[in-house]
file my_file_0.txt (compact mmCIF, N, CA and C atoms)
# COMPACT_ATOMS: atom_id res chain seq x y z
N LEU A 23 0.83 -1.19 0.00
CA LEU A 23 0.00 0.00 0.00
C LEU A 23 0.87 1.25 0.00
N VAL A 24 0.21 2.38 -0.15
CA VAL A 24 0.89 3.67 -0.20
C VAL A 24 1.00 4.23 1.20
N THR A 25 2.12 4.88 1.49
CA THR A 25 2.32 5.48 2.79
C THR A 25 2.88 6.89 2.65
N VAL A 26 2.65 7.72 3.65
CA VAL A 26 3.18 9.09 3.67
C VAL A 26 4.63 9.03 4.12
N LEU A 27 5.52 9.71 3.38
CA LEU A 27 6.94 9.71 3.72
C LEU A 27 7.37 10.95 4.48
N HIS A 28 6.65 12.05 4.33
CA HIS A 28 7.05 13.30 4.97
C HIS A 28 5.87 13.93 5.69
N VAL A 29 6.19 14.67 6.74
CA VAL A 29 5.15 15.31 7.52
C VAL A 29 4.56 16.48 6.75
N ALA A 30 3.34 16.80 7.07
CA ALA A 30 2.67 17.94 6.44
C ALA A 30 3.45 19.21 6.72
N GLY A 31 3.40 20.11 5.77
CA GLY A 31 4.07 21.39 5.92
C GLY A 31 5.52 21.38 5.48
N SER A 32 6.04 20.23 5.06
CA SER A 32 7.43 20.17 4.62
C SER A 32 7.50 19.77 3.16
N ARG A 33 8.54 20.18 2.50
CA ARG A 33 8.81 19.73 1.14
C ARG A 33 10.17 19.05 1.17
N PRO A 34 10.24 17.77 0.84
CA PRO A 34 11.48 17.02 0.97
C PRO A 34 12.57 17.45 0.00
N ARG A 35 12.18 18.10 -1.09
CA ARG A 35 13.19 18.58 -2.03
C ARG A 35 12.65 19.80 -2.75
N PRO A 36 13.53 20.65 -3.26
CA PRO A 36 13.04 21.83 -3.99
C PRO A 36 12.29 21.43 -5.26
N CYS A 37 11.32 22.23 -5.63
CA CYS A 37 10.55 21.90 -6.82
C CYS A 37 11.33 22.26 -8.08
N THR A 38 11.00 21.56 -9.14
CA THR A 38 11.62 21.81 -10.44
C THR A 38 10.57 21.79 -11.54
N CYS A 39 9.30 21.84 -11.16
CA CYS A 39 8.26 21.55 -12.15
C CYS A 39 7.24 22.65 -12.35
N GLY A 40 7.44 23.80 -11.79
CA GLY A 40 6.47 24.87 -11.96
C GLY A 40 5.31 24.82 -10.99
N CYS A 41 5.47 24.10 -9.89
CA CYS A 41 4.41 24.05 -8.88
C CYS A 41 4.44 25.34 -8.06
N THR A 42 3.50 25.50 -7.16
CA THR A 42 3.44 26.71 -6.34
C THR A 42 4.43 26.69 -5.19
N CYS A 43 5.02 25.55 -4.90
CA CYS A 43 5.99 25.38 -3.81
C CYS A 43 5.39 25.59 -2.43
N GLU A 44 4.07 25.60 -2.34
CA GLU A 44 3.43 25.72 -1.04
C GLU A 44 3.45 24.37 -0.35
N PRO A 45 3.62 24.36 0.99
CA PRO A 45 3.60 23.08 1.70
C PRO A 45 2.25 22.40 1.62
N VAL A 46 2.27 21.09 1.68
CA VAL A 46 1.06 20.28 1.66
C VAL A 46 0.60 20.07 3.10
N THR A 47 -0.70 20.24 3.34
CA THR A 47 -1.24 20.08 4.69
C THR A 47 -1.46 18.60 5.02
N SER A 48 -1.68 18.31 6.29
CA SER A 48 -1.94 16.93 6.68
C SER A 48 -3.24 16.42 6.06
N ALA A 49 -4.25 17.27 5.95
CA ALA A 49 -5.52 16.87 5.32
C ALA A 49 -5.30 16.56 3.84
N GLU A 50 -4.45 17.35 3.19
CA GLU A 50 -4.15 17.10 1.78
C GLU A 50 -3.36 15.80 1.61
N LEU A 51 -2.45 15.54 2.52
CA LEU A 51 -1.70 14.27 2.48
C LEU A 51 -2.64 13.08 2.64
N ASP A 52 -3.59 13.18 3.57
CA ASP A 52 -4.57 12.11 3.76
C ASP A 52 -5.36 11.88 2.47
N MET A 53 -5.77 12.96 1.83
CA MET A 53 -6.53 12.84 0.59
C MET A 53 -5.65 12.27 -0.52
N LEU A 54 -4.40 12.67 -0.55
CA LEU A 54 -3.45 12.19 -1.56
C LEU A 54 -3.26 10.68 -1.46
N VAL A 55 -3.18 10.15 -0.25
CA VAL A 55 -3.06 8.71 -0.06
C VAL A 55 -4.29 8.01 -0.62
N LYS A 56 -5.46 8.55 -0.35
CA LYS A 56 -6.70 7.95 -0.85
C LYS A 56 -6.73 7.97 -2.39
N VAL A 57 -6.30 9.08 -2.99
CA VAL A 57 -6.26 9.16 -4.45
C VAL A 57 -5.29 8.11 -4.99
N ALA A 58 -4.13 7.99 -4.36
CA ALA A 58 -3.12 7.02 -4.81
C ALA A 58 -3.64 5.59 -4.68
N GLN A 59 -4.55 5.35 -3.75
CA GLN A 59 -5.13 4.03 -3.56
C GLN A 59 -6.34 3.80 -4.47
N GLY A 60 -6.66 4.78 -5.32
CA GLY A 60 -7.72 4.61 -6.30
C GLY A 60 -9.10 5.03 -5.84
N TRP A 61 -9.20 5.74 -4.73
CA TRP A 61 -10.51 6.17 -4.25
C TRP A 61 -11.10 7.21 -5.19
N THR A 62 -12.41 7.17 -5.37
CA THR A 62 -13.11 8.18 -6.16
C THR A 62 -13.32 9.43 -5.31
N ILE A 63 -13.65 10.52 -5.98
CA ILE A 63 -13.94 11.76 -5.26
C ILE A 63 -15.14 11.56 -4.33
N LEU A 64 -16.15 10.85 -4.79
CA LEU A 64 -17.33 10.59 -3.97
C LEU A 64 -16.96 9.80 -2.72
N ARG A 65 -16.14 8.77 -2.88
CA ARG A 65 -15.74 7.96 -1.73
C ARG A 65 -14.93 8.79 -0.73
N ILE A 66 -14.04 9.64 -1.24
CA ILE A 66 -13.26 10.52 -0.35
C ILE A 66 -14.19 11.46 0.39
N ALA A 67 -15.13 12.06 -0.33
CA ALA A 67 -16.08 12.99 0.28
C ALA A 67 -16.89 12.31 1.38
N ASN A 68 -17.39 11.12 1.09
CA ASN A 68 -18.18 10.38 2.09
C ASN A 68 -17.33 9.99 3.30
N SER A 69 -16.07 9.66 3.08
CA SER A 69 -15.22 9.21 4.19
C SER A 69 -14.87 10.33 5.16
N ILE A 70 -14.81 11.57 4.66
CA ILE A 70 -14.45 12.67 5.56
C ILE A 70 -15.62 13.63 5.81
N GLY A 71 -16.77 13.30 5.24
CA GLY A 71 -18.00 14.04 5.54
C GLY A 71 -18.06 15.45 4.97
N ILE A 72 -17.57 15.62 3.75
CA ILE A 72 -17.66 16.92 3.08
C ILE A 72 -18.27 16.72 1.70
N PRO A 73 -18.79 17.80 1.09
CA PRO A 73 -19.38 17.67 -0.24
C PRO A 73 -18.34 17.30 -1.31
N LYS A 74 -18.83 16.62 -2.35
CA LYS A 74 -17.97 16.27 -3.49
C LYS A 74 -17.30 17.50 -4.07
N SER A 75 -18.03 18.60 -4.15
CA SER A 75 -17.47 19.83 -4.74
C SER A 75 -16.28 20.34 -3.92
N THR A 76 -16.34 20.18 -2.61
CA THR A 76 -15.22 20.60 -1.76
C THR A 76 -14.00 19.73 -2.00
N VAL A 77 -14.22 18.44 -2.17
CA VAL A 77 -13.10 17.54 -2.48
C VAL A 77 -12.48 17.96 -3.81
N GLY A 78 -13.32 18.27 -4.79
CA GLY A 78 -12.82 18.72 -6.09
C GLY A 78 -12.00 19.99 -5.97
N ASP A 79 -12.47 20.94 -5.16
CA ASP A 79 -11.72 22.18 -4.94
C ASP A 79 -10.37 21.89 -4.29
N ARG A 80 -10.38 21.02 -3.30
CA ARG A 80 -9.13 20.67 -2.60
C ARG A 80 -8.17 19.93 -3.53
N MET A 81 -8.72 19.11 -4.43
CA MET A 81 -7.89 18.40 -5.40
C MET A 81 -7.20 19.40 -6.33
N ARG A 82 -7.95 20.41 -6.79
CA ARG A 82 -7.36 21.41 -7.67
C ARG A 82 -6.26 22.19 -6.96
N THR A 83 -6.48 22.51 -5.70
CA THR A 83 -5.45 23.21 -4.90
C THR A 83 -4.22 22.34 -4.77
N LEU A 84 -4.41 21.07 -4.47
CA LEU A 84 -3.30 20.13 -4.31
C LEU A 84 -2.56 19.95 -5.64
N MET A 85 -3.29 19.87 -6.74
CA MET A 85 -2.63 19.74 -8.05
C MET A 85 -1.78 20.97 -8.35
N ALA A 86 -2.26 22.15 -8.00
CA ALA A 86 -1.48 23.37 -8.21
C ALA A 86 -0.22 23.36 -7.35
N LYS A 87 -0.35 22.89 -6.11
CA LYS A 87 0.80 22.84 -5.22
C LYS A 87 1.89 21.92 -5.75
N LEU A 88 1.49 20.83 -6.39
CA LEU A 88 2.47 19.85 -6.88
C LEU A 88 2.76 19.99 -8.37
N GLY A 89 2.07 20.91 -9.05
CA GLY A 89 2.31 21.11 -10.47
C GLY A 89 1.72 20.02 -11.34
N ALA A 90 0.63 19.41 -10.88
CA ALA A 90 0.01 18.30 -11.61
C ALA A 90 -1.12 18.79 -12.51
N VAL A 91 -1.37 18.05 -13.59
CA VAL A 91 -2.43 18.42 -14.53
C VAL A 91 -3.68 17.54 -14.40
N ASP A 92 -3.55 16.38 -13.75
CA ASP A 92 -4.70 15.50 -13.52
C ASP A 92 -4.38 14.58 -12.34
N ARG A 93 -5.32 13.71 -12.00
CA ARG A 93 -5.15 12.85 -10.82
C ARG A 93 -3.97 11.89 -10.95
N SER A 94 -3.79 11.32 -12.11
CA SER A 94 -2.66 10.40 -12.31
C SER A 94 -1.34 11.14 -12.15
N HIS A 95 -1.27 12.31 -12.75
CA HIS A 95 -0.05 13.11 -12.64
C HIS A 95 0.17 13.55 -11.20
N LEU A 96 -0.91 13.81 -10.46
CA LEU A 96 -0.82 14.19 -9.05
C LEU A 96 -0.10 13.12 -8.25
N VAL A 97 -0.50 11.87 -8.45
CA VAL A 97 0.12 10.76 -7.73
C VAL A 97 1.59 10.62 -8.14
N THR A 98 1.85 10.75 -9.44
CA THR A 98 3.23 10.69 -9.93
C THR A 98 4.08 11.78 -9.29
N CYS A 99 3.55 12.99 -9.23
CA CYS A 99 4.27 14.11 -8.61
C CYS A 99 4.52 13.85 -7.12
N ALA A 100 3.56 13.26 -6.44
CA ALA A 100 3.71 12.97 -5.02
C ALA A 100 4.84 11.96 -4.78
N PHE A 101 4.95 10.96 -5.64
CA PHE A 101 6.06 10.00 -5.54
C PHE A 101 7.38 10.67 -5.92
N ARG A 102 7.35 11.48 -6.98
CA ARG A 102 8.55 12.20 -7.42
C ARG A 102 9.10 13.09 -6.31
N ASP A 103 8.20 13.78 -5.61
CA ASP A 103 8.60 14.69 -4.54
C ASP A 103 8.81 13.98 -3.20
N ARG A 104 8.67 12.67 -3.23
CA ARG A 104 8.86 11.83 -2.05
C ARG A 104 7.89 12.18 -0.91
N LEU A 105 6.70 12.61 -1.29
CA LEU A 105 5.64 12.80 -0.30
C LEU A 105 4.99 11.47 0.01
N LEU A 106 4.94 10.58 -0.98
CA LEU A 106 4.37 9.26 -0.83
C LEU A 106 5.41 8.21 -1.20
N GLY A 107 5.26 7.04 -0.63
CA GLY A 107 6.11 5.91 -0.97
C GLY A 107 5.31 4.65 -0.81
N PHE A 108 5.96 3.53 -1.00
CA PHE A 108 5.29 2.24 -0.85
C PHE A 108 5.54 1.67 0.53
N ASP A 109 4.48 1.16 1.15
CA ASP A 109 4.59 0.48 2.43
C ASP A 109 5.07 -0.93 2.16
N ARG A 110 6.26 -1.25 2.59
CA ARG A 110 6.88 -2.54 2.26
C ARG A 110 6.47 -3.64 3.23
N ASP A 111 5.65 -3.34 4.22
CA ASP A 111 5.24 -4.37 5.20
C ASP A 111 4.15 -5.22 4.67
call {"tool": "encode", "arguments": {"input": "my_file_0.txt", "output": "structure tokens"}}
result
Amino acid sequence: LVTVLHVAGSRPRPCTCGCTCEPVTSAELDMLVKVAQGWTILRIANSIGIPKSTVGDRMRTLMAKLGAVDRSHLVTCAFRDRLLGFDRD
């Protein structure tokens, strides 16, 4: 499974991709793990008790922070930036 490698508010390496360079929050990291595990926006919304539209807004913010153009690229950027890794257990 996917695991978080860095604490919220930190960037493990400088950006090189045109992202906003803003730190990722703990809530965004939690959502990022769910996206990496294949969760839909509806499932994420239901799991944290917020509207689908709010999840969509947060996804767009997170994509801007990491310089991603879509959900697949978002996960790729998270691995590239070492925000996420694989749980080897």
call {"tool": "atom_distance", "arguments": {"input": "my_file_0.txt", "atom1": "atom CA of Gly71 of chain A", "atom2": "atom CA of Glu44 of chain A"}}
result
25.3 Å
call {"tool": "closest_residue", "arguments": {"input": "my_file_0.txt", "among": "A:Lys74, A:Asn68, A:Leu106, A:Leu88", "to": "Leu54 of chain A", "atoms": "all atoms listed in the file"}}
result
A:Leu106
call {"tool": "atom_distance", "arguments": {"input": "my_file_0.txt", "atom1": "atom CA of Leu105 of chain A", "atom2": "atom CA of Thr76 of chain A"}}
result
22.3 Å
call {"tool": "closest_residue", "arguments": {"input": "my_file_0.txt", "among": "A:Met85, A:Leu96, A:Ala49, A:Val77", "to": "Ile63 of chain A", "atoms": "all atoms listed in the file"}}
result
A:Val77
call {"tool": "atom_distance", "arguments": {"input": "my_file_0.txt", "atom1": "atom CA of Asp92 of chain A", "atom2": "atom C of Asp79 of chain A"}}
result
12.6 Å
call {"tool": "closest_residue", "arguments": {"input": "my_file_0.txt", "among": "A:Lys56, A:Arg65, A:Arg80, A:Arg110", "to": "Val97 of chain A", "atoms": "only C-alpha atoms"}}
result
A:Lys56
